Amino acid sequence: MRSFLNGPSFSVPGGSMEEDKPLRERYSSEITPEDFGTKLAVAGWLQDVRNLGGIAFLQLRDRGGVLQVTAIKKEMGPEGFRELVELPRESVITVTGTVQENNQAKAGFEVLPSSWELLSRAEVPLPLGVVDKVGADLDTRLDNRFLDIRKPEVAAIFRLRSILTEGLRRSLVDQGFVEVATPKIVSAGAEGGATLFKLDYFGKPAYLAQSPQLYKQHLMATGLDRVFEVAPAFRAEPSDTSRHLAEFTSLDVEQAYVRTSEDVMVTVERMTVDGIRYMIEGGQELLDQLIVRLDVPPQPFRRIPYDECIDMLRGDGADVPEDAEMGTEHEKALGQLVHQRWGEDFYFITDFPTRYKVGTFYAHRHEDRPELTGYFDLGVRGLEIASGGKREHRLDVVTAQMEEGGLRPADFEFYLKAFRYGMPPHGGFGYGLERLLQVLLGLSNIRETVLYPRDRQRLVP
Ligand code: 4AD
Ligand code: MG
């Protein structure tokens, strides 16, 4: 066997190791009737052993699924047989053996070992069961995430995340966007001081980026015209909720030469629909595994002005105080109302009032009604997935809006400089990748969508 990959190997009675053989020639899911009668190497975690004395049925799990290795004492010799069947669960082995049809085995075939090799012995007991019927609580699962992700239904979330991200990216590339990377260590916040993580940058104060907002706007002064980024964003969120992370993946888009926020909503809509379609086409089996039924949402997504949303909520008996922004409960209730009234799950809340914190200084306000911005949220079943709109590209207006919000334009000089020498009108949005995945898969906690979530309590693993 190729011991350079996995440290020293050893042979066991009952089979001689073939030094030049790969550790794995097929995933369990790749074995077909054409392989019956041939000898090949499979590898993975020893999920379970049912030892009947003279014969033992081993369940070997790999990325593709589970296959059965049938060990026969008479053929392996008592020593080799005992060593194999007494291995602790979740140990990693490679088995070379003959594939044989067997309708009793779940996969329809079994592997009869001629040799096997222990690649990594698991300690006992496991801190988290991989095949336990009783589910562990989320904290225990996250503490032992490497074991948790061995569960196929958990791995499915991350495989779907990969497909969805690729679908969203492809859509943007198709729409002429250029993928960029902007700094995550920054000198000024884009979304207000309350959620900034401060750090020491060679003796100077600096922050982890809350959003690439200022940089992607900056890029509109470069001629790249249409840019996007898929990158972490950091927020020191004051409370723990099922929708907030301290580090999330922000899919950010900015485009130049927009007339109104409508131009930006068209981009959001197309990207969302393309991404979901791609996920359905490429991930159907994984969706089935999670018992999730997804349809491509109908277009166009309904546009509902903010004030109308408030009216809808009040009409439904909700108490939305004058001058208070819609809260989480209102967002959820609105999602239900939209669903009841029109049977739709995807909708835009448009024309956010200027007085709310959304894009305070960078949002473009309606010329005829300056109490309203062109800002929108994309809501999906009551969850905010994205925020964006047309920006203010006039230097004097941006500066005035900053001052109005209590910010010092001097702190943002690097940003404002790009507005002095020819800045096209532009707009864009920030889109929460984990939020979208959460709502599409119907997961109750956003942490399920992140390999190693960061929140107020969690810095390890
Ligand atoms: O609504 P937000 O704060 O908007 C911005 O960052 C703007 N700079 C966007 C723009 O281009 N105008 O964040 C954008 C999206 C939210 O709608 C939400 O989906 C997600 O990012 N998000 C979070 N996701 C998980 N955890 C958090 N703490 C999040 N904060 C925002
Ligand atoms: Mg928002």
# chains A, B, ... in the order shown; residues from 1 in each chain; ligands from 1
>>> residues_near_ligand(ligand="ligand 1", cutoff="6 Å", atoms="only C-alpha atoms and all ligand atoms", output="PyMOL selection string")
chain A and resi 211+213+235+237+243-246+248+250+384-388+428-432+435
>>> select_by_dssp(residues="region 189-296 of chain A", states="strand (DSSP E)", output="number ranges by chain")
A: 198-201, 204-208, 226-234, 247-256
>>> residues_around(residues="region 129-142 of chain A", least_positions_apart="6", cutoff="7 Å", atoms="only C-alpha atoms", output="ChimeraX atom specification")
/A:148,150-151
>>> write_last_selection(atoms="C-alpha atoms", output="short mmCIF file (atom, residue, chain, number, x, y, z; two decimals), in the first residue's frame")
data_model
loop_
_atom_site.label_atom_id
_atom_site.label_comp_id
_atom_site.auth_asym_id
_atom_site.auth_seq_id
_atom_site.Cartn_x
_atom_site.Cartn_y
_atom_site.Cartn_z
CA ASP A 148 -20.98 15.51 13.07
CA ARG A 150 -19.56 12.38 8.92
CA LYS A 151 -23.35 12.07 9.10
#
>>> residues_around(residues="Arg303 (chain A)", least_positions_apart="2", cutoff="7 Å", atoms="only C-alpha atoms", output="NGL selection string")
:A and (301 or 305 or 347-350)
>>> write_last_selection(atoms="all heavy atoms", output="PDB file, in the first residue's frame")
ATOM      1  N   PHE A 301     -40.386  38.860  -8.501  1.00  0.00           N
ATOM      2  CA  PHE A 301     -40.726  38.877  -7.079  1.00  0.00           C
ATOM      3  C   PHE A 301     -41.563  40.130  -6.834  1.00  0.00           C
ATOM      4  O   PHE A 301     -41.300  41.189  -7.403  1.00  0.00           O
ATOM      5  CB  PHE A 301     -39.466  38.964  -6.209  1.00  0.00           C
ATOM      6  CG  PHE A 301     -38.489  37.817  -6.383  1.00  0.00           C
ATOM      7  CD1 PHE A 301     -37.199  37.913  -5.864  1.00  0.00           C
ATOM      8  CD2 PHE A 301     -38.848  36.649  -7.042  1.00  0.00           C
ATOM      9  CE1 PHE A 301     -36.291  36.879  -6.017  1.00  0.00           C
ATOM     10  CE2 PHE A 301     -37.947  35.596  -7.206  1.00  0.00           C
ATOM     11  CZ  PHE A 301     -36.653  35.720  -6.685  1.00  0.00           C
ATOM     12  N   PRO A 305     -43.817  48.368  -1.165  1.00  0.00           N
ATOM     13  CA  PRO A 305     -43.199  49.492  -0.461  1.00  0.00           C
ATOM     14  C   PRO A 305     -43.304  49.324   1.055  1.00  0.00           C
ATOM     15  O   PRO A 305     -44.296  48.779   1.564  1.00  0.00           O
ATOM     16  CB  PRO A 305     -44.008  50.701  -0.942  1.00  0.00           C
ATOM     17  CG  PRO A 305     -44.616  50.266  -2.228  1.00  0.00           C
ATOM     18  CD  PRO A 305     -44.882  48.794  -2.086  1.00  0.00           C
ATOM     19  N   TYR A 347     -40.029  38.127  -1.882  1.00  0.00           N
ATOM     20  CA  TYR A 347     -40.608  39.455  -2.139  1.00  0.00           C
ATOM     21  C   TYR A 347     -39.597  40.522  -1.735  1.00  0.00           C
ATOM     22  O   TYR A 347     -38.699  40.286  -0.912  1.00  0.00           O
ATOM     23  CB  TYR A 347     -41.908  39.630  -1.315  1.00  0.00           C
ATOM     24  CG  TYR A 347     -41.729  39.256   0.131  1.00  0.00           C
ATOM     25  CD1 TYR A 347     -41.329  40.203   1.082  1.00  0.00           C
ATOM     26  CD2 TYR A 347     -41.882  37.933   0.546  1.00  0.00           C
ATOM     27  CE1 TYR A 347     -41.098  39.838   2.401  1.00  0.00           C
ATOM     28  CE2 TYR A 347     -41.654  37.561   1.868  1.00  0.00           C
ATOM     29  CZ  TYR A 347     -41.259  38.518   2.785  1.00  0.00           C
ATOM     30  OH  TYR A 347     -41.014  38.148   4.076  1.00  0.00           O
ATOM     31  N   PHE A 348     -39.736  41.675  -2.357  1.00  0.00           N
ATOM     32  CA  PHE A 348     -38.911  42.821  -1.980  1.00  0.00           C
ATOM     33  C   PHE A 348     -39.726  43.779  -1.126  1.00  0.00           C
ATOM     34  O   PHE A 348     -40.876  44.078  -1.450  1.00  0.00           O
ATOM     35  CB  PHE A 348     -38.461  43.594  -3.223  1.00  0.00           C
ATOM     36  CG  PHE A 348     -37.403  42.893  -4.028  1.00  0.00           C
ATOM     37  CD1 PHE A 348     -37.699  42.386  -5.292  1.00  0.00           C
ATOM     38  CD2 PHE A 348     -36.103  42.764  -3.550  1.00  0.00           C
ATOM     39  CE1 PHE A 348     -36.728  41.761  -6.050  1.00  0.00           C
ATOM     40  CE2 PHE A 348     -35.118  42.137  -4.302  1.00  0.00           C
ATOM     41  CZ  PHE A 348     -35.438  41.634  -5.561  1.00  0.00           C
ATOM     42  N   ILE A 349     -39.116  44.264  -0.061  1.00  0.00           N
ATOM     43  CA  ILE A 349     -39.681  45.392   0.686  1.00  0.00           C
ATOM     44  C   ILE A 349     -38.914  46.603   0.142  1.00  0.00           C
ATOM     45  O   ILE A 349     -37.679  46.638   0.241  1.00  0.00           O
ATOM     46  CB  ILE A 349     -39.436  45.246   2.194  1.00  0.00           C
ATOM     47  CG1 ILE A 349     -39.998  43.905   2.689  1.00  0.00           C
ATOM     48  CG2 ILE A 349     -40.028  46.427   2.957  1.00  0.00           C
ATOM     49  CD1 ILE A 349     -39.582  43.556   4.112  1.00  0.00           C
ATOM     50  N   THR A 350     -39.605  47.536  -0.466  1.00  0.00           N
ATOM     51  CA  THR A 350     -38.901  48.622  -1.162  1.00  0.00           C
ATOM     52  C   THR A 350     -39.120  49.968  -0.467  1.00  0.00           C
ATOM     53  O   THR A 350     -39.956  50.090   0.436  1.00  0.00           O
ATOM     54  CB  THR A 350     -39.403  48.740  -2.619  1.00  0.00           C
ATOM     55  OG1 THR A 350     -40.784  49.125  -2.581  1.00  0.00           O
ATOM     56  CG2 THR A 350     -39.268  47.420  -3.357  1.00  0.00           C
TER      57      THR A 350
END
>>> residues_around(residues="region 53-66 of chain A", least_positions_apart="3", cutoff="8 Å", atoms="only C-alpha atoms", output="list of chain:residue names")
A:Tyr27, A:Ser28, A:Ser29, A:Glu30, A:Ala43, A:Gly44, A:Trp45, A:Leu46, A:Gln47, A:Asp48, A:Val49, A:Arg50, A:Val69, A:Thr70, A:Ala71, A:Ile72, A:Lys73, A:Lys74, A:Val85, A:Ala107, A:Pro152
